[in-house]
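Colleague: Before anything else, here's the structure in question.
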Amino acid sequence: MKSLGFYVQYWRSFFALGACLVAPSAPAAPVCGAPGKPACPWQGYMRTRLATALAHRDFRELERRLAEVAKRNPEPTKWHNWNKFALDGAQAAHEGRLRGVVAACARCHAIYRPEHNVKYRERKLPE
Ligand code: HEC
């Protein structure tokens, strides 16, 4: 005859296993920005507004959109360089300096995109 402890252990592991099967173990699937999903809000905005304006060398539109990007800083009290990069880019667009515009895109992408995408990827664009 097995000891009572054995049966208690046995049932414990049985329920533990059951709990694992019911508990959601995998992280929730992304709702956007993955294959087969629509673009995420910022991603769509970047593609249709910023990248399109850049492709057309539309400096007026670039100036306007980069100023808009500055206003839409997701962490305005912390991400000061977000505004700096965007507004430097807007200024470069105003002066018709393509290199300055592209530098602004690249700086923000290098410094802020990773953190943005961890924290705010699925969030709607701030107005
Ligand atoms: C101040 C910040 C900032 C500036 C300036 C900026 N971007 Fe972005 N951009 C982002 C962020 C954040 C993302 C990530 C969005 C996402 O993946 O959800 C992004 C993503 C993109 C993407 C990727 C979309 C994809 O397919 O994944 C493109 C294209 C893009 N930006 C174009 C531009 C261009 C062109 C400029 C300059 C004219 C520019 N961006 C300037 C913040 C910025």
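Letters for chains follow the order of the structure tokens (A, B, ...), residue numbers begin at 1 for each chain, and ligand numbers begin at 1 in the order shown.
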Contacts between ligand 1 and chain A, please, where a residue of chain A counts if it comes within 8 Å (with only C-alpha atoms and all ligand atoms); show its shortest atom pair and distance in Å to one decimal, rows by chain and ascending number, as JSON lines.
Modeller:
```
{"residue": "A:Gly33", "atom": "CA", "partner": "ligand 1", "partner_atom_place_in_ligand_line": "18 (O)", "distance": 6.9}
{"residue": "A:Ala39", "atom": "CA", "partner": "ligand 1", "partner_atom_place_in_ligand_line": "18 (O)", "distance": 7.5}
{"residue": "A:Cys40", "atom": "CA", "partner": "ligand 1", "partner_atom_place_in_ligand_line": "18 (O)", "distance": 5.0}
{"residue": "A:Pro41", "atom": "CA", "partner": "ligand 1", "partner_atom_place_in_ligand_line": "18 (O)", "distance": 6.3}
{"residue": "A:Trp42", "atom": "CA", "partner": "ligand 1", "partner_atom_place_in_ligand_line": "15 (C)", "distance": 4.5}
{"residue": "A:Gln43", "atom": "CA", "partner": "ligand 1", "partner_atom_place_in_ligand_line": "16 (C)", "distance": 4.0}
{"residue": "A:Gly44", "atom": "CA", "partner": "ligand 1", "partner_atom_place_in_ligand_line": "24 (C)", "distance": 6.6}
{"residue": "A:Met46", "atom": "CA", "partner": "ligand 1", "partner_atom_place_in_ligand_line": "30 (C)", "distance": 4.5}
{"residue": "A:Arg47", "atom": "CA", "partner": "ligand 1", "partner_atom_place_in_ligand_line": "29 (C)", "distance": 4.7}
{"residue": "A:Leu50", "atom": "CA", "partner": "ligand 1", "partner_atom_place_in_ligand_line": "35 (C)", "distance": 4.6}
{"residue": "A:Ala51", "atom": "CA", "partner": "ligand 1", "partner_atom_place_in_ligand_line": "35 (C)", "distance": 3.8}
{"residue": "A:Thr52", "atom": "CA", "partner": "ligand 1", "partner_atom_place_in_ligand_line": "35 (C)", "distance": 7.3}
{"residue": "A:Ala53", "atom": "CA", "partner": "ligand 1", "partner_atom_place_in_ligand_line": "38 (C)", "distance": 7.3}
{"residue": "A:Leu54", "atom": "CA", "partner": "ligand 1", "partner_atom_place_in_ligand_line": "35 (C)", "distance": 5.5}
{"residue": "A:Ala55", "atom": "CA", "partner": "ligand 1", "partner_atom_place_in_ligand_line": "35 (C)", "distance": 7.9}
{"residue": "A:Leu62", "atom": "CA", "partner": "ligand 1", "partner_atom_place_in_ligand_line": "38 (C)", "distance": 6.2}
{"residue": "A:Leu66", "atom": "CA", "partner": "ligand 1", "partner_atom_place_in_ligand_line": "5 (C)", "distance": 6.2}
{"residue": "A:Val69", "atom": "CA", "partner": "ligand 1", "partner_atom_place_in_ligand_line": "1 (C)", "distance": 5.9}
{"residue": "A:Ala70", "atom": "CA", "partner": "ligand 1", "partner_atom_place_in_ligand_line": "1 (C)", "distance": 6.1}
{"residue": "A:Asn73", "atom": "CA", "partner": "ligand 1", "partner_atom_place_in_ligand_line": "1 (C)", "distance": 7.1}
{"residue": "A:Asn81", "atom": "CA", "partner": "ligand 1", "partner_atom_place_in_ligand_line": "1 (C)", "distance": 7.7}
{"residue": "A:Trp82", "atom": "CA", "partner": "ligand 1", "partner_atom_place_in_ligand_line": "1 (C)", "distance": 4.4}
{"residue": "A:Asn83", "atom": "CA", "partner": "ligand 1", "partner_atom_place_in_ligand_line": "1 (C)", "distance": 6.1}
{"residue": "A:Lys84", "atom": "CA", "partner": "ligand 1", "partner_atom_place_in_ligand_line": "1 (C)", "distance": 7.8}
{"residue": "A:Phe85", "atom": "CA", "partner": "ligand 1", "partner_atom_place_in_ligand_line": "5 (C)", "distance": 5.6}
{"residue": "A:Ala86", "atom": "CA", "partner": "ligand 1", "partner_atom_place_in_ligand_line": "5 (C)", "distance": 4.1}
{"residue": "A:Leu87", "atom": "CA", "partner": "ligand 1", "partner_atom_place_in_ligand_line": "5 (C)", "distance": 7.9}
{"residue": "A:Gly89", "atom": "CA", "partner": "ligand 1", "partner_atom_place_in_ligand_line": "5 (C)", "distance": 6.8}
{"residue": "A:Val101", "atom": "CA", "partner": "ligand 1", "partner_atom_place_in_ligand_line": "38 (C)", "distance": 5.7}
{"residue": "A:Val102", "atom": "CA", "partner": "ligand 1", "partner_atom_place_in_ligand_line": "37 (C)", "distance": 5.6}
{"residue": "A:Ala103", "atom": "CA", "partner": "ligand 1", "partner_atom_place_in_ligand_line": "37 (C)", "distance": 7.8}
{"residue": "A:Ala104", "atom": "CA", "partner": "ligand 1", "partner_atom_place_in_ligand_line": "5 (C)", "distance": 5.1}
{"residue": "A:Cys105", "atom": "CA", "partner": "ligand 1", "partner_atom_place_in_ligand_line": "41 (C)", "distance": 3.5}
{"residue": "A:Ala106", "atom": "CA", "partner": "ligand 1", "partner_atom_place_in_ligand_line": "41 (C)", "distance": 6.9}
{"residue": "A:Arg107", "atom": "CA", "partner": "ligand 1", "partner_atom_place_in_ligand_line": "5 (C)", "distance": 7.2}
{"residue": "A:Cys108", "atom": "CA", "partner": "ligand 1", "partner_atom_place_in_ligand_line": "2 (C)", "distance": 4.3}
{"residue": "A:His109", "atom": "CA", "partner": "ligand 1", "partner_atom_place_in_ligand_line": "42 (C)", "distance": 5.4}
{"residue": "A:Tyr112", "atom": "CA", "partner": "ligand 1", "partner_atom_place_in_ligand_line": "12 (C)", "distance": 6.1}
{"residue": "A:Arg113", "atom": "CA", "partner": "ligand 1", "partner_atom_place_in_ligand_line": "12 (C)", "distance": 4.2}
{"residue": "A:Pro114", "atom": "CA", "partner": "ligand 1", "partner_atom_place_in_ligand_line": "12 (C)", "distance": 7.5}
{"residue": "A:His116", "atom": "CA", "partner": "ligand 1", "partner_atom_place_in_ligand_line": "12 (C)", "distance": 5.3}
{"residue": "A:Asn117", "atom": "CA", "partner": "ligand 1", "partner_atom_place_in_ligand_line": "18 (O)", "distance": 5.8}
{"residue": "A:Tyr120", "atom": "CA", "partner": "ligand 1", "partner_atom_place_in_ligand_line": "18 (O)", "distance": 7.9}
{"residue": "A:Arg121", "atom": "CA", "partner": "ligand 1", "partner_atom_place_in_ligand_line": "18 (O)", "distance": 4.9}
{"residue": "A:Glu122", "atom": "CA", "partner": "ligand 1", "partner_atom_place_in_ligand_line": "18 (O)", "distance": 7.3}
```
Colleague: Save the residues we just selected, C-alpha atoms, as an mmCIF file, in the first residue's frame?
Modeller:
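selection30.cif, freshly written:
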```
data_model
loop_
_atom_site.group_PDB
_atom_site.id
_atom_site.type_symbol
_atom_site.label_atom_id
_atom_site.label_comp_id
_atom_site.auth_asym_id
_atom_site.auth_seq_id
_atom_site.Cartn_x
_atom_site.Cartn_y
_atom_site.Cartn_z
ATOM 1 C CA GLY A 33 2.414 44.609 -38.135
ATOM 2 C CA ALA A 39 -0.015 47.710 -40.561
ATOM 3 C CA CYS A 40 0.263 49.162 -37.059
ATOM 4 C CA PRO A 41 -0.944 52.776 -36.671
ATOM 5 C CA TRP A 42 2.467 54.485 -36.738
ATOM 6 C CA GLN A 43 3.746 52.096 -39.330
ATOM 7 C CA GLY A 44 0.859 52.893 -41.693
ATOM 8 C CA MET A 46 4.992 56.457 -41.719
ATOM 9 C CA ARG A 47 4.519 54.547 -44.920
ATOM 10 C CA LEU A 50 6.492 60.243 -44.518
ATOM 11 C CA ALA A 51 7.894 57.662 -46.927
ATOM 12 C CA THR A 52 5.596 58.786 -49.752
ATOM 13 C CA ALA A 53 6.531 62.437 -49.272
ATOM 14 C CA LEU A 54 10.202 61.488 -49.233
ATOM 15 C CA ALA A 55 9.857 59.379 -52.381
ATOM 16 C CA LEU A 62 7.764 66.577 -45.410
ATOM 17 C CA LEU A 66 7.679 66.076 -39.573
ATOM 18 C CA VAL A 69 5.439 63.795 -35.847
ATOM 19 C CA ALA A 70 6.938 66.119 -33.225
ATOM 20 C CA ASN A 73 5.581 62.367 -29.399
ATOM 21 C CA ASN A 81 15.194 64.180 -28.783
ATOM 22 C CA TRP A 82 12.114 62.830 -30.531
ATOM 23 C CA ASN A 83 10.993 66.430 -30.993
ATOM 24 C CA LYS A 84 14.495 67.602 -31.792
ATOM 25 C CA PHE A 85 14.990 65.022 -34.544
ATOM 26 C CA ALA A 86 11.567 65.648 -36.051
ATOM 27 C CA LEU A 87 11.859 69.453 -35.932
ATOM 28 C CA GLY A 89 14.022 67.349 -40.131
ATOM 29 C CA VAL A 101 15.585 65.195 -43.828
ATOM 30 C CA VAL A 102 16.927 61.672 -44.231
ATOM 31 C CA ALA A 103 19.185 62.138 -41.189
ATOM 32 C CA ALA A 104 16.113 63.018 -39.110
ATOM 33 C CA CYS A 105 14.298 59.848 -40.216
ATOM 34 C CA ALA A 106 17.369 57.735 -39.462
ATOM 35 C CA ARG A 107 18.062 59.277 -36.048
ATOM 36 C CA CYS A 108 14.568 58.784 -34.746
ATOM 37 C CA HIS A 109 14.406 55.246 -36.086
ATOM 38 C CA TYR A 112 13.272 55.654 -30.541
ATOM 39 C CA ARG A 113 11.760 53.070 -32.834
ATOM 40 C CA PRO A 114 12.764 50.006 -30.777
ATOM 41 C CA HIS A 116 8.314 52.788 -29.280
ATOM 42 C CA ASN A 117 7.537 49.421 -30.769
ATOM 43 C CA TYR A 120 3.243 51.720 -28.103
ATOM 44 C CA ARG A 121 3.137 49.677 -31.273
ATOM 45 C CA GLU A 122 -0.553 48.845 -31.222
#
```
Colleague: Got a sec to tell me which of range 26-114 of chain A DSSP assigns to helix (DSSP H, G or I), as a ChimeraX atom specification?
Modeller: /A:41-55,59-71,80-94,98-111,113-114
Colleague: Using only C-alpha atoms, pick whichever of A:Arg49, A:Arg72, A:His94, A:Lys78 has the shortest atom-to-atom distance to Lys124 in chain A.
Modeller: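 Under the stated criterion, the closest residue is A:Arg72.
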Colleague: May I ask which of the residues A:Trp79, A:Arg64, A:Phe59, A:Glu115 is the closest one to Arg97 in chain A, counting only C-alpha atoms?
Modeller: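 Closest candidate: A:Phe59.
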Colleague: Which distance in Å separates CA of Pro74 in chain A and CA of Arg123 in chain A, to one decimal?
Modeller: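 CA of Pro74 in chain A sits 9.8 Å away from CA of Arg123 in chain A.
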Colleague: For each of A:Pro126, A:Pro38, A:Glu75, A:Glu63, take the minimum atom-to-atom distance to Gly100 in chain A, counting only C-alpha atoms, then give the residue where this is smallest.
Modeller: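 Of A:Pro126, A:Pro38, A:Glu75, A:Glu63, the one nearest Gly100 in chain A, counting only C-alpha atoms, is A:Glu63.
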Colleague: Out of A:Asp88, A:His80, A:Gly36, A:Ala93, which residue has the shortest atom-to-atom distance to Ile111 in chain A when counting only C-alpha atoms?
Modeller: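 Of the candidates, the smallest distance to Ile111 in chain A is held by A:His80.
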